[in-house]
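File shown here: input-v2.cif, holding mmCIF, C-alpha atoms.
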```cif
data_input
loop_
_atom_site.label_atom_id
_atom_site.label_comp_id
_atom_site.auth_asym_id
_atom_site.auth_seq_id
_atom_site.Cartn_x
_atom_site.Cartn_y
_atom_site.Cartn_z
CA MET J 1 100.16 -38.06 -79.06
CA THR J 2 103.39 -40.09 -79.25
CA THR J 3 104.53 -43.03 -81.31
CA THR J 4 107.54 -45.32 -81.50
CA THR J 5 109.77 -45.80 -84.50
CA GLY J 6 108.33 -49.23 -85.06
CA GLN J 7 104.91 -47.74 -85.68
CA LEU J 8 105.94 -45.53 -88.59
CA SER J 9 105.06 -48.04 -91.28
CA GLY J 10 101.46 -48.12 -90.13
CA ILE J 11 100.72 -44.42 -90.61
CA SER J 12 101.66 -43.90 -94.22
CA ALA J 13 98.27 -42.31 -94.89
CA THR J 14 99.04 -39.33 -92.63
CA THR J 15 100.14 -36.00 -94.07
CA LEU J 16 103.77 -34.94 -94.37
CA LEU J 17 105.20 -31.67 -93.06
CA ARG J 18 108.66 -30.47 -94.00
CA PHE J 19 110.06 -27.91 -91.60
CA ALA J 20 113.38 -26.28 -90.75
CA THR J 21 114.86 -24.84 -87.59
CA ALA J 22 116.95 -21.68 -87.61
CA GLY J 23 118.27 -19.11 -85.20
CA SER J 24 121.41 -17.56 -83.78
CA VAL J 25 124.35 -19.51 -82.34
CA ASP J 26 123.61 -21.30 -79.04
CA ASP J 27 119.90 -20.49 -79.15
CA GLY J 28 119.19 -24.22 -78.71
CA LYS J 29 118.13 -25.39 -82.17
CA SER J 30 119.72 -28.83 -81.93
CA THR J 31 118.48 -29.25 -78.36
CA LEU J 32 114.92 -28.45 -79.49
CA VAL J 33 115.17 -30.99 -82.30
CA GLY J 34 116.62 -33.56 -79.92
CA ARG J 35 113.82 -32.89 -77.45
CA LEU J 36 111.19 -33.34 -80.18
CA LEU J 37 112.73 -36.66 -81.21
CA HIS J 38 113.17 -37.86 -77.64
CA ASP J 39 109.80 -36.85 -76.23
CA SER J 40 107.90 -38.11 -79.28
CA LYS J 41 109.56 -41.53 -78.78
CA SER J 42 111.30 -41.29 -82.17
CA VAL J 43 114.77 -42.18 -80.92
CA LEU J 44 116.08 -45.73 -81.14
CA THR J 45 117.45 -47.25 -77.93
CA ASP J 46 120.99 -47.58 -79.25
CA GLN J 47 120.96 -43.93 -80.40
CA LEU J 48 119.92 -42.76 -76.96
CA GLU J 49 122.53 -44.96 -75.29
CA ALA J 50 125.22 -43.49 -77.55
CA VAL J 51 124.15 -39.96 -76.65
CA GLU J 52 124.11 -40.82 -72.92
CA HIS J 53 127.61 -42.31 -73.20
CA ALA J 54 128.93 -39.27 -75.10
CA SER J 55 127.34 -36.93 -72.57
CA ARG J 56 128.89 -38.78 -69.61
CA SER J 57 132.32 -38.71 -71.25
CA ARG J 58 132.00 -34.92 -71.42
CA GLY J 59 131.11 -34.71 -67.73
CA GLN J 60 127.39 -34.08 -68.21
CA GLU J 61 124.97 -35.74 -65.79
CA THR J 62 121.99 -35.66 -68.17
CA PRO J 63 121.90 -36.61 -71.89
CA ASP J 64 122.79 -33.77 -74.24
CA LEU J 65 119.93 -34.12 -76.70
CA ALA J 66 121.66 -31.82 -79.19
CA LEU J 67 123.97 -34.73 -79.99
CA LEU J 68 121.05 -36.48 -81.68
CA THR J 69 121.41 -34.04 -84.60
CA ASP J 70 124.98 -32.72 -84.35
CA GLY J 71 126.47 -35.77 -85.98
CA LEU J 72 129.77 -34.46 -87.37
CA ARG J 73 132.84 -34.79 -85.15
CA ALA J 74 133.60 -31.07 -85.52
CA GLU J 75 130.05 -30.28 -84.44
CA ARG J 76 130.34 -32.40 -81.30
CA GLU J 77 133.75 -30.96 -80.40
CA GLN J 78 132.72 -27.33 -80.84
CA GLY J 79 129.15 -27.69 -79.64
CA ILE J 80 127.78 -26.04 -82.79
CA THR J 81 125.83 -27.05 -85.88
CA ILE J 82 127.84 -26.84 -89.11
CA ASP J 83 125.89 -28.79 -91.71
CA VAL J 84 122.16 -29.26 -92.30
CA ALA J 85 121.01 -32.32 -90.36
CA TYR J 86 117.88 -33.99 -91.72
CA ARG J 87 115.80 -36.12 -89.38
CA TYR J 88 112.61 -38.09 -89.93
CA PHE J 89 109.99 -38.82 -87.28
CA ALA J 90 106.27 -39.26 -86.96
CA THR J 91 103.31 -39.10 -84.62
CA PRO J 92 99.91 -40.71 -85.19
CA ARG J 93 98.73 -37.39 -86.68
CA ARG J 94 101.53 -36.52 -89.10
CA ARG J 95 104.92 -37.46 -90.57
CA PHE J 96 107.79 -34.99 -90.43
CA ILE J 97 111.01 -34.23 -92.28
CA LEU J 98 113.00 -31.66 -90.33
CA ALA J 99 116.17 -29.81 -91.23
CA ASP J 100 118.30 -28.55 -88.35
CA THR J 101 120.27 -25.67 -89.89
CA PRO J 102 123.36 -23.82 -88.59
CA GLY J 103 123.17 -20.49 -86.80
CA HIS J 104 126.51 -18.98 -87.79
CA VAL J 105 126.46 -16.13 -90.31
CA GLN J 106 128.93 -17.96 -92.57
CA TYR J 107 126.47 -20.85 -92.87
CA THR J 108 123.50 -18.78 -94.07
CA ARG J 109 123.62 -20.74 -97.35
CA ASN J 110 122.94 -23.93 -95.36
CA MET J 111 119.77 -22.38 -93.97
CA VAL J 112 118.69 -21.59 -97.55
CA THR J 113 119.25 -25.25 -98.44
CA GLY J 114 117.26 -26.53 -95.47
CA ALA J 115 114.37 -24.09 -95.87
CA SER J 116 114.05 -24.30 -99.66
CA THR J 117 111.56 -27.18 -99.47
CA ALA J 118 110.08 -26.36 -96.05
CA GLU J 119 106.46 -25.47 -95.44
CA LEU J 120 107.31 -24.17 -91.97
CA ALA J 121 110.33 -22.59 -90.31
CA VAL J 122 110.98 -22.60 -86.58
CA VAL J 123 113.10 -19.55 -85.68
CA LEU J 124 114.58 -19.77 -82.20
CA VAL J 125 115.39 -16.81 -79.98
CA ASP J 126 117.24 -16.86 -76.66
CA ALA J 127 114.87 -15.23 -74.18
CA ARG J 128 117.85 -13.50 -72.52
CA ASN J 129 119.05 -11.88 -75.77
CA GLY J 130 115.82 -11.22 -77.65
CA VAL J 131 115.73 -10.55 -81.38
CA VAL J 132 119.30 -10.22 -82.67
CA GLU J 133 120.83 -9.62 -86.09
CA GLN J 134 120.88 -13.32 -87.02
CA THR J 135 117.23 -13.66 -86.00
CA ARG J 136 116.29 -10.96 -88.48
CA ARG J 137 118.53 -12.56 -91.12
CA HIS J 138 116.80 -15.93 -90.80
CA ALA J 139 113.35 -14.34 -90.81
CA ALA J 140 114.32 -12.55 -94.03
CA VAL J 141 115.55 -15.79 -95.63
CA ALA J 142 112.30 -17.54 -94.67
CA ALA J 143 110.33 -14.70 -96.26
CA LEU J 144 112.53 -14.70 -99.35
CA LEU J 145 111.98 -18.45 -99.81
CA ARG J 146 108.21 -17.95 -99.39
CA VAL J 147 107.97 -20.30 -96.40
CA PRO J 148 104.25 -20.00 -95.60
CA HIS J 149 104.40 -20.63 -91.83
CA VAL J 150 106.93 -19.28 -89.32
CA VAL J 151 107.09 -20.26 -85.65
CA LEU J 152 108.92 -18.03 -83.22
CA ALA J 153 110.18 -20.29 -80.42
CA VAL J 154 111.35 -18.12 -77.52
CA ASN J 155 113.75 -20.56 -75.89
CA LYS J 156 115.43 -20.70 -72.46
CA MET J 157 112.41 -19.27 -70.71
CA ASP J 158 113.63 -21.09 -67.57
CA LEU J 159 116.57 -18.67 -67.47
CA VAL J 160 114.30 -15.62 -67.27
CA ASP J 161 112.02 -17.13 -64.60
CA TYR J 162 109.32 -17.90 -67.19
CA ALA J 163 108.41 -14.19 -67.26
CA GLU J 164 105.48 -13.41 -69.55
CA PRO J 165 106.55 -9.77 -70.23
CA VAL J 166 109.90 -11.00 -71.62
CA PHE J 167 108.12 -13.35 -74.02
CA ALA J 168 105.52 -10.74 -75.00
CA ALA J 169 108.13 -8.10 -75.87
CA ILE J 170 110.17 -10.51 -78.03
CA ALA J 171 107.06 -11.84 -79.76
CA GLU J 172 105.82 -8.34 -80.59
CA GLU J 173 109.19 -7.22 -82.02
CA PHE J 174 109.67 -10.34 -84.15
CA THR J 175 106.08 -10.47 -85.39
CA SER J 176 106.21 -6.84 -86.50
CA TYR J 177 109.47 -7.42 -88.38
CA ALA J 178 108.40 -10.68 -90.05
CA ALA J 179 105.03 -9.23 -91.04
CA SER J 180 106.81 -6.33 -92.75
CA LEU J 181 108.63 -8.92 -94.89
CA GLY J 182 105.35 -10.44 -96.01
CA VAL J 183 105.41 -13.61 -93.89
CA PRO J 184 101.75 -14.72 -94.01
CA GLU J 185 101.53 -16.55 -90.66
CA ILE J 186 103.58 -16.16 -87.48
CA THR J 187 103.04 -18.18 -84.29
CA ALA J 188 104.99 -17.36 -81.11
CA ILE J 189 105.55 -20.09 -78.48
CA PRO J 190 107.51 -19.75 -75.19
CA ILE J 191 109.63 -22.85 -74.55
CA SER J 192 112.53 -24.39 -72.70
CA ALA J 193 114.05 -27.04 -74.96
CA LEU J 194 116.40 -28.21 -72.20
CA ALA J 195 113.63 -28.70 -69.66
CA GLY J 196 110.96 -29.72 -72.17
CA ASP J 197 108.54 -26.88 -71.44
CA ASN J 198 105.95 -26.45 -74.23
CA VAL J 199 107.92 -28.61 -76.67
CA VAL J 200 105.85 -31.78 -76.59
CA GLU J 201 104.03 -31.41 -73.28
CA PRO J 202 102.43 -28.19 -71.92
CA SER J 203 104.50 -26.37 -69.33
CA ALA J 204 103.37 -26.18 -65.73
CA ASN J 205 105.63 -23.17 -65.31
CA MET J 206 103.83 -20.94 -67.82
CA ASP J 207 100.14 -21.11 -66.98
CA TRP J 208 99.80 -17.66 -68.54
CA TYR J 209 100.33 -19.20 -72.00
CA GLY J 210 97.26 -20.83 -73.51
CA GLY J 211 98.52 -21.66 -77.00
CA PRO J 212 99.76 -24.94 -78.49
CA THR J 213 103.04 -26.67 -77.77
CA VAL J 214 105.58 -26.83 -80.58
CA LEU J 215 104.59 -30.41 -81.48
CA GLU J 216 100.89 -29.58 -81.28
CA HIS J 217 101.35 -26.75 -83.74
CA LEU J 218 103.46 -28.89 -86.06
CA GLU J 219 100.74 -31.54 -86.04
CA THR J 220 97.88 -29.16 -86.77
CA VAL J 221 99.29 -26.42 -89.02
CA PRO J 222 97.65 -26.58 -92.47
CA VAL J 223 99.95 -28.32 -94.94
CA SER J 224 100.27 -25.99 -97.91
CA HIS J 225 102.10 -28.23 -100.36
CA ASP J 226 98.86 -29.43 -101.98
CA LEU J 227 99.66 -28.06 -105.43
CA THR J 228 96.76 -29.68 -107.28
CA GLY J 229 95.07 -26.32 -107.74
CA CYS J 230 98.17 -24.57 -109.10
CA HIS J 231 99.25 -24.07 -112.69
CA ALA J 232 99.70 -27.57 -114.15
CA ARG J 233 103.30 -28.32 -115.10
CA LEU J 234 104.97 -31.58 -116.21
CA PRO J 235 108.73 -31.41 -116.82
CA VAL J 236 109.60 -34.27 -119.18
CA GLN J 237 112.21 -36.53 -117.64
CA TYR J 238 112.29 -39.39 -120.12
CA VAL J 239 110.73 -40.44 -123.43
CA ILE J 240 109.49 -44.05 -123.33
CA ARG J 241 109.67 -46.01 -126.60
CA PRO J 242 109.46 -49.78 -125.86
CA GLN J 243 109.28 -50.74 -129.58
CA THR J 244 108.15 -54.23 -128.65
CA ALA J 245 105.67 -56.53 -130.37
CA GLU J 246 103.15 -55.69 -127.65
CA HIS J 247 103.71 -51.92 -127.88
CA PRO J 248 105.13 -51.21 -131.36
CA ASP J 249 103.97 -47.58 -131.58
CA TYR J 250 104.00 -46.60 -127.88
CA ARG J 251 105.48 -43.14 -127.27
CA GLY J 252 105.08 -41.79 -123.75
CA TYR J 253 106.50 -38.76 -121.98
CA ALA J 254 107.40 -39.58 -118.40
CA GLY J 255 108.00 -37.27 -115.46
CA GLN J 256 106.79 -36.13 -112.05
CA ILE J 257 103.99 -33.57 -112.09
CA ALA J 258 105.50 -30.43 -110.53
CA ALA J 259 102.12 -28.77 -109.94
CA GLY J 260 98.48 -28.95 -110.91
CA THR J 261 96.32 -31.61 -112.55
CA PHE J 262 96.23 -33.23 -116.00
CA ARG J 263 93.20 -34.91 -117.62
CA VAL J 264 92.70 -37.10 -120.66
CA GLY J 265 91.33 -35.02 -123.55
CA GLU J 266 92.92 -31.80 -122.30
CA GLN J 267 94.74 -29.66 -124.85
CA VAL J 268 98.35 -29.10 -123.91
CA THR J 269 101.33 -27.15 -125.20
CA VAL J 270 104.92 -28.37 -125.24
CA LEU J 271 107.44 -25.68 -124.29
CA PRO J 272 109.69 -24.12 -125.40
CA ALA J 273 108.75 -25.23 -128.96
CA GLY J 274 105.09 -24.19 -128.53
CA ARG J 275 103.57 -27.20 -130.36
CA THR J 276 100.07 -28.24 -129.19
CA SER J 277 98.24 -31.55 -128.92
CA LYS J 278 95.70 -33.35 -126.75
CA ILE J 279 96.28 -35.87 -123.99
CA ALA J 280 95.33 -39.26 -125.42
CA GLY J 281 96.12 -41.22 -122.26
CA ILE J 282 97.75 -41.15 -118.84
CA ASP J 283 99.66 -44.14 -117.45
CA LEU J 284 100.15 -44.30 -113.71
CA LEU J 285 101.91 -47.25 -112.04
CA GLY J 286 101.22 -49.47 -115.04
CA GLU J 287 97.52 -48.58 -115.27
CA SER J 288 95.57 -46.15 -117.42
CA VAL J 289 93.85 -43.31 -115.55
CA ASP J 290 91.72 -40.36 -116.64
CA ILE J 291 93.26 -37.80 -114.28
CA ALA J 292 96.59 -37.32 -112.47
CA TRP J 293 97.89 -34.67 -110.09
CA THR J 294 101.01 -33.51 -108.29
CA PRO J 295 103.28 -35.08 -107.09
CA GLN J 296 102.44 -38.25 -109.03
CA SER J 297 104.95 -39.67 -111.51
CA ILE J 298 103.15 -40.41 -114.75
CA THR J 299 103.54 -41.06 -118.45
CA LEU J 300 101.54 -38.86 -120.83
CA LEU J 301 100.47 -40.08 -124.26
CA LEU J 302 99.57 -37.42 -126.85
CA GLU J 303 97.37 -37.63 -129.92
CA ASP J 304 100.08 -36.18 -132.20
CA ASP J 305 103.68 -37.16 -132.80
CA ILE J 306 105.72 -34.20 -131.57
CA ASP J 307 109.46 -33.89 -131.13
CA ILE J 308 109.65 -33.93 -127.33
CA SER J 309 112.73 -34.66 -125.25
CA ARG J 310 114.02 -34.43 -121.70
CA GLY J 311 113.79 -30.87 -120.41
CA ASP J 312 110.63 -29.92 -122.31
CA LEU J 313 107.68 -28.69 -120.26
CA ILE J 314 104.11 -29.87 -120.90
CA VAL J 315 101.44 -27.39 -119.76
CA PRO J 316 97.73 -26.72 -120.41
CA SER J 317 97.38 -24.65 -123.56
CA GLY J 318 95.23 -22.08 -121.79
CA ASP J 319 97.70 -21.66 -118.93
CA ALA J 320 101.13 -21.63 -120.53
CA PRO J 321 103.93 -19.51 -119.04
CA ALA J 322 105.84 -17.17 -121.31
CA THR J 323 109.20 -18.39 -122.55
CA THR J 324 112.22 -16.12 -122.30
CA GLN J 325 115.98 -16.04 -122.57
CA ASP J 326 116.31 -13.10 -120.19
CA ILE J 327 115.77 -14.04 -116.55
CA GLU J 328 115.63 -11.67 -113.61
CA ALA J 329 115.89 -13.41 -110.28
CA THR J 330 117.04 -13.34 -106.70
CA VAL J 331 119.85 -15.79 -105.98
CA CYS J 332 121.61 -17.07 -102.89
CA HIS J 333 125.26 -17.72 -103.67
CA VAL J 334 126.33 -21.02 -102.10
CA ALA J 335 129.80 -21.68 -103.60
CA ASP J 336 133.15 -20.54 -102.22
CA GLN J 337 134.14 -19.04 -105.58
CA PRO J 338 132.45 -15.70 -106.39
CA LEU J 339 129.73 -15.19 -108.98
CA THR J 340 130.72 -12.30 -111.24
CA VAL J 341 129.27 -10.31 -114.10
CA GLY J 342 130.14 -12.14 -117.32
CA HIS J 343 130.32 -15.50 -115.53
CA ARG J 344 129.56 -18.39 -117.88
CA VAL J 345 127.30 -20.89 -116.16
CA LEU J 346 124.83 -23.68 -116.71
CA LEU J 347 121.26 -23.00 -115.63
CA LYS J 348 119.25 -26.01 -114.46
CA HIS J 349 115.48 -25.52 -114.38
CA THR J 350 113.40 -28.63 -113.54
CA THR J 351 114.78 -31.27 -115.94
CA ARG J 352 116.29 -28.80 -118.42
CA THR J 353 119.89 -27.56 -118.35
CA VAL J 354 121.08 -24.78 -120.70
CA LYS J 355 124.12 -22.55 -121.13
CA ALA J 356 123.82 -19.05 -119.70
CA ILE J 357 125.78 -15.93 -118.87
CA VAL J 358 125.41 -13.57 -115.90
CA LYS J 359 124.68 -10.27 -117.62
CA GLU J 360 124.20 -8.07 -114.55
CA ILE J 361 124.27 -8.14 -110.77
CA PRO J 362 122.14 -5.05 -110.07
CA SER J 363 122.26 -5.31 -106.28
CA ARG J 364 123.24 -7.29 -103.23
CA LEU J 365 120.79 -7.57 -100.36
CA THR J 366 121.97 -6.58 -96.90
CA LEU J 367 119.90 -8.87 -94.69
CA ASP J 368 120.65 -6.89 -91.54
CA ASP J 369 118.46 -3.97 -92.60
CA LEU J 370 117.09 -5.21 -95.99
CA SER J 371 118.86 -2.43 -97.86
CA GLN J 372 120.15 -2.93 -101.41
CA HIS J 373 123.82 -2.41 -102.19
CA PRO J 374 123.89 -1.41 -105.89
CA ASN J 375 126.30 -2.83 -108.47
CA PRO J 376 128.37 -5.06 -106.18
CA GLY J 377 130.12 -6.59 -109.19
CA GLN J 378 130.10 -10.04 -107.62
CA LEU J 379 128.37 -12.23 -105.07
CA VAL J 380 130.39 -14.30 -102.61
CA ALA J 381 129.40 -17.23 -100.40
CA ASN J 382 126.20 -16.57 -98.41
CA ASP J 383 125.39 -13.39 -100.37
CA ILE J 384 121.85 -12.87 -101.62
CA GLY J 385 121.41 -10.58 -104.59
CA GLN J 386 119.51 -9.80 -107.75
CA VAL J 387 120.91 -11.06 -111.05
CA LYS J 388 120.04 -10.85 -114.72
CA VAL J 389 120.88 -13.96 -116.69
CA ARG J 390 120.77 -14.55 -120.45
CA THR J 391 120.24 -18.16 -121.54
CA ALA J 392 121.27 -19.80 -124.80
CA GLU J 393 117.81 -21.34 -125.22
CA PRO J 394 114.32 -20.18 -124.18
CA LEU J 395 113.03 -21.33 -120.79
CA ALA J 396 109.51 -21.40 -119.36
CA LEU J 397 109.77 -20.16 -115.78
CA ASP J 398 106.96 -19.27 -113.45
CA SER J 399 107.43 -16.58 -110.84
CA TYR J 400 108.81 -18.11 -107.62
CA ALA J 401 106.06 -16.29 -105.75
CA HIS J 402 103.51 -18.39 -107.67
CA SER J 403 105.37 -21.70 -107.82
CA ARG J 404 108.36 -22.69 -105.70
CA ARG J 405 108.87 -25.77 -107.92
CA THR J 406 108.88 -24.21 -111.39
CA GLY J 407 110.05 -20.76 -110.33
CA SER J 408 113.37 -21.99 -108.93
CA PHE J 409 116.61 -22.92 -110.65
CA LEU J 410 120.31 -23.59 -110.04
CA LEU J 411 123.36 -21.92 -111.51
CA ILE J 412 126.12 -24.49 -112.04
CA ASP J 413 129.81 -24.24 -112.86
CA PRO J 414 130.19 -25.87 -116.29
CA ALA J 415 133.81 -26.84 -115.53
CA ASP J 416 133.23 -29.14 -112.55
CA GLY J 417 129.48 -29.27 -111.92
CA THR J 418 129.65 -27.28 -108.67
CA THR J 419 126.41 -25.57 -107.67
CA LEU J 420 127.10 -21.85 -107.62
CA ALA J 421 123.76 -20.33 -106.66
CA ALA J 422 120.13 -21.14 -105.98
CA GLY J 423 117.78 -18.84 -107.88
CA MET J 424 114.22 -17.65 -107.47
CA ALA J 425 112.65 -16.10 -110.55
CA GLY J 426 110.89 -12.78 -110.20
CA ASP J 427 111.00 -10.10 -107.53
CA SER J 428 112.17 -10.67 -103.97
CA PHE J 429 110.33 -9.22 -100.98
CA ALA J 430 112.65 -6.18 -101.00
CA THR J 431 112.53 -4.45 -104.37
CA SER J 432 114.47 -1.40 -105.36
CA ALA J 433 114.85 0.75 -108.44
CA GLU J 434 116.63 -1.07 -111.19
CA VAL J 435 120.29 -0.25 -111.48
CA VAL J 436 121.44 -0.76 -115.09
CA HIS J 437 124.97 -0.91 -116.39
CA GLU J 438 126.56 -2.41 -119.47
CA ALA J 439 128.23 -5.82 -119.07
CA ASP J 440 131.05 -7.22 -121.14
CA ASP J 441 129.49 -10.16 -122.95
CA ALA J 442 132.10 -10.56 -125.66
CA GLY J 443 132.31 -14.07 -127.02
CA TRP J 444 128.72 -15.08 -126.22
CA ASP J 445 126.36 -14.95 -129.16
CA PHE J 446 122.91 -15.47 -127.64
#
```
As structure tokens - that is how I would like this structure written.
Amino acid sequence: MTTTTGQLSGISATTLLRFATAGSVDDGKSTLVGRLLHDSKSVLTDQLEAVEHASRSRGQETPDLALLTDGLRAEREQGITIDVAYRYFATPRRRFILADTPGHVQYTRNMVTGASTAELAVVLVDARNGVVEQTRRHAAVAALLRVPHVVLAVNKMDLVDYAEPVFAAIAEEFTSYAASLGVPEITAIPISALAGDNVVEPSANMDWYGGPTVLEHLETVPVSHDLTGCHARLPVQYVIRPQTAEHPDYRGYAGQIAAGTFRVGEQVTVLPAGRTSKIAGIDLLGESVDIAWTPQSITLLLEDDIDISRGDLIVPSGDAPATTQDIEATVCHVADQPLTVGHRVLLKHTTRTVKAIVKEIPSRLTLDDLSQHPNPGQLVANDIGQVKVRTAEPLALDSYAHSRRTGSFLLIDPADGTTLAAGMAGDSFATSAEVVHEADDAGWDF
């Protein structure tokens, strides 16, 4: 079940799982991640020696495995996680990219960052405290980001004498709450990250539990990022015109397929212009192929000469999304400066960036109880709310519920390039009646 770091290059054919950890402060997220890395033999000798030395200098007899992820000096001094820590490890069955996210309320935006590309979220709960406000907040964020798999890791079971009733009560409460948010799959596992119970190896202290360990579940959960069957989308990143003697008339449209499959001979539409053509050829890694799929980076050749540039979207003609300049979305505000009605921003969607204005902020979501606070006027750091944005040019967005890749976007400060908010087109899990009010859009003619 385990592998060393030196073996990673030999298992490139295994699948990849991106997952994030979340939970309240001191629930043991970093310790769990450290235990996974340590017990799966994914820690280099010098890293472990450094952790052992740091632990001894702090008067600890055993290595503090949380130090494997809490890399910032402030994190080590305070014993908390501040920033998202990404770690890479592998077993013979699967490769992993994990994001250890902070537990403090003021770092909710960091959890959004870490979970935005995750296929699975591990939400930790202290067995002594049960489901708390921050537990519900992180479950709501996971549901909002459409993370398909959620693991409830009930940690510190050693401190409640490995009592099954304690685990069962917490699992029932959390499962009921997460299911009400629309989380499709929830798996509860009792663990002790400090002692290693049910993290990598089964626990001898909980013979009443017959399910998988955390690592077992991570290795076997179905990977849902196979997007080959989704709506085909190719954001154009670059137009290739060699204009050489060998390729005098070559005109290719290069980019990474965001979703779906493209085939030679297929009729496609270029958005937002709406011009149509047929795929004359597909170049992949210097060779011509008849078919290509996500997430391959390819160059498409079309039968007709069409004015195509970076930011255009190539889609099958029979499956083209509608273009619009009016976008309704749920956003998580990540900047320290507020987002206000009338705010002039840049909106970046795939490879396209356009001017936009925030026309309305109909509501702000209260993650504690999922209620909507109408007409907040602004969103501040860590707020999640509904916005209506008007763009200067048409965009082709899918609903985030259908495509996390082409249904997401960023709002950017045009003055300094700061990311203001991460957006998800369409409805969130908690909808409410639309609250409409007039916004002052003087000076913007689009």
*Which residue, J:Ala178, J:Ile314, J:Ala188, J:Ile327, has the smallest gap to His138 of chain J when you use all atoms listed in the file?*
J:Ala178
_Among listed residues J:Thr419, J:Thr220, J:Thr366, J:Gln243, nearest Ile384 of chain J (using all atoms listed in the file)_ = J:Thr366
*Give me the result of the PyMOL selection byres ((chain J and resi 144) around 10) on this file, residue by residue, as a ChimeraX atom specification.*
/J:112,116,138-143,145-147,181-183,330-331,384,400-401,424,427-430
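Each of J:Ile298, J:Ala121, J:Ala153, J:Gly423 was checked against Pro212 of chain J using all atoms listed in the file; the smallest atom-to-atom distance is that of J:Ala153.
Atom to atom, atom CA of Asp161 of chain J and atom CA of Ser192 of chain J stand 10.9 Å apart.
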_What would the selection look like, as a list in words, if the PyMOL selection byres ((chain J and resi 383) around 10) were run on the coordinates I just shared?_
Gln106, Thr108, Arg109, Val331, Cys332, His333, Val334, Ala335, Pro338, Leu339, Arg364, Leu365, Thr366, Leu367, Gln378, Leu379, Val380, Ala381, Asn382, Ile384, Gly385 and Ala421 of chain J
Selection to disk with C-alpha atoms, as a PDB file, in the coordinates of the input:
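Contents of selection26.pdb, freshly written:
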```
ATOM      1  CA  GLN J 106     128.930 -17.960 -92.570  1.00  0.00           C
ATOM      2  CA  THR J 108     123.500 -18.780 -94.070  1.00  0.00           C
ATOM      3  CA  ARG J 109     123.620 -20.740 -97.350  1.00  0.00           C
ATOM      4  CA  VAL J 331     119.850 -15.790-105.980  1.00  0.00           C
ATOM      5  CA  CYS J 332     121.610 -17.070-102.890  1.00  0.00           C
ATOM      6  CA  HIS J 333     125.260 -17.720-103.670  1.00  0.00           C
ATOM      7  CA  VAL J 334     126.330 -21.020-102.100  1.00  0.00           C
ATOM      8  CA  ALA J 335     129.800 -21.680-103.600  1.00  0.00           C
ATOM      9  CA  PRO J 338     132.450 -15.700-106.390  1.00  0.00           C
ATOM     10  CA  LEU J 339     129.730 -15.190-108.980  1.00  0.00           C
ATOM     11  CA  ARG J 364     123.240  -7.290-103.230  1.00  0.00           C
ATOM     12  CA  LEU J 365     120.790  -7.570-100.360  1.00  0.00           C
ATOM     13  CA  THR J 366     121.970  -6.580 -96.900  1.00  0.00           C
ATOM     14  CA  LEU J 367     119.900  -8.870 -94.690  1.00  0.00           C
ATOM     15  CA  GLN J 378     130.100 -10.040-107.620  1.00  0.00           C
ATOM     16  CA  LEU J 379     128.370 -12.230-105.070  1.00  0.00           C
ATOM     17  CA  VAL J 380     130.390 -14.300-102.610  1.00  0.00           C
ATOM     18  CA  ALA J 381     129.400 -17.230-100.400  1.00  0.00           C
ATOM     19  CA  ASN J 382     126.200 -16.570 -98.410  1.00  0.00           C
ATOM     20  CA  ILE J 384     121.850 -12.870-101.620  1.00  0.00           C
ATOM     21  CA  GLY J 385     121.410 -10.580-104.590  1.00  0.00           C
ATOM     22  CA  ALA J 421     123.760 -20.330-106.660  1.00  0.00           C
TER      23      ALA J 421
END
```
*asked:* What would the selection look like, as a VMD selection string, if the PyMOL selection byres ((chain J and resi 150) around 6) were run on the coordinates I just shared?
replied: chain J and resid 120 to 122 149 151 186
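Of the listed residues (J:Leu411, J:Ala22, J:Leu37, J:Ala171), J:Leu411 comes nearest to Lys348 of chain J; the distances count only C-alpha atoms.
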*Determine, counting all atoms listed in the file, every residue of protein, DNA or RNA that lies within 12 Å of (109.6, -24.0, -129.0) in the file coordinates, then give the result as a list in words.*
Thr269, Val270, Leu271, Pro272, Ala273, Gly274, Arg275, Thr276, Ile306, Asp307, Ile308, Ser309, Gly311, Asp312, Leu313, Ile314, Ala322, Thr323, Thr324, Glu393, Pro394, Leu395 and Ala396 of chain J
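Atom pair atom CA of Val199 of chain J / atom CA of Leu36 of chain J has a distance of 6.7 Å (rounded to one decimal).
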Nearby residues, (128.0, -27.5, -124.0) file frame, 9 Å, only C-alpha atoms, as a PDB file with C-alpha atoms, in the coordinates of the input:
```pdb
ATOM      1  CA  LEU J 346     124.830 -23.680-116.710  1.00  0.00           C
ATOM      2  CA  VAL J 354     121.080 -24.780-120.700  1.00  0.00           C
ATOM      3  CA  LYS J 355     124.120 -22.550-121.130  1.00  0.00           C
ATOM      4  CA  PRO J 414     130.190 -25.870-116.290  1.00  0.00           C
TER       5      PRO J 414
END
```
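When only C-alpha atoms are used to compute distances to Ser40 of chain J, the closest of the residues J:Ser176, J:Arg93, J:Val200, J:Arg137 turns out to be J:Val200.
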*Using only C-alpha atoms, pick whichever of J:Leu301, J:Val345, J:Val131, J:Val264 has the shortest atom-to-atom distance to Gly417 of chain J.*
J:Val345
Would you compute an axis-aligned box for segment 113-125 of chain J, covering every atom listed for it in the file with 8 Å of margin on each side, and report centre and edge lengths in Å to one decimal as AutoDock Vina command-line options?
```
--center_x 112.9 --center_y -22.0 --center_z -89.8 --size_x 28.8 --size_y 26.4 --size_z 35.7
```
_Between atom CA of Met111 of chain J and atom CA of His402 of chain J - distance in Å to one decimal_ = 21.6 Å
*Distance query Val84 of chain J at most 8 Å, all atoms listed in the file, self and fewer than 2 positions along chain excluded, as a list of chain:residue names*: J:Thr81, J:Ile82, J:Tyr86, J:Ala99, J:Asp100, J:Thr101, J:Pro102, J:Asn110, J:Met111, J:Thr113, J:Gly114
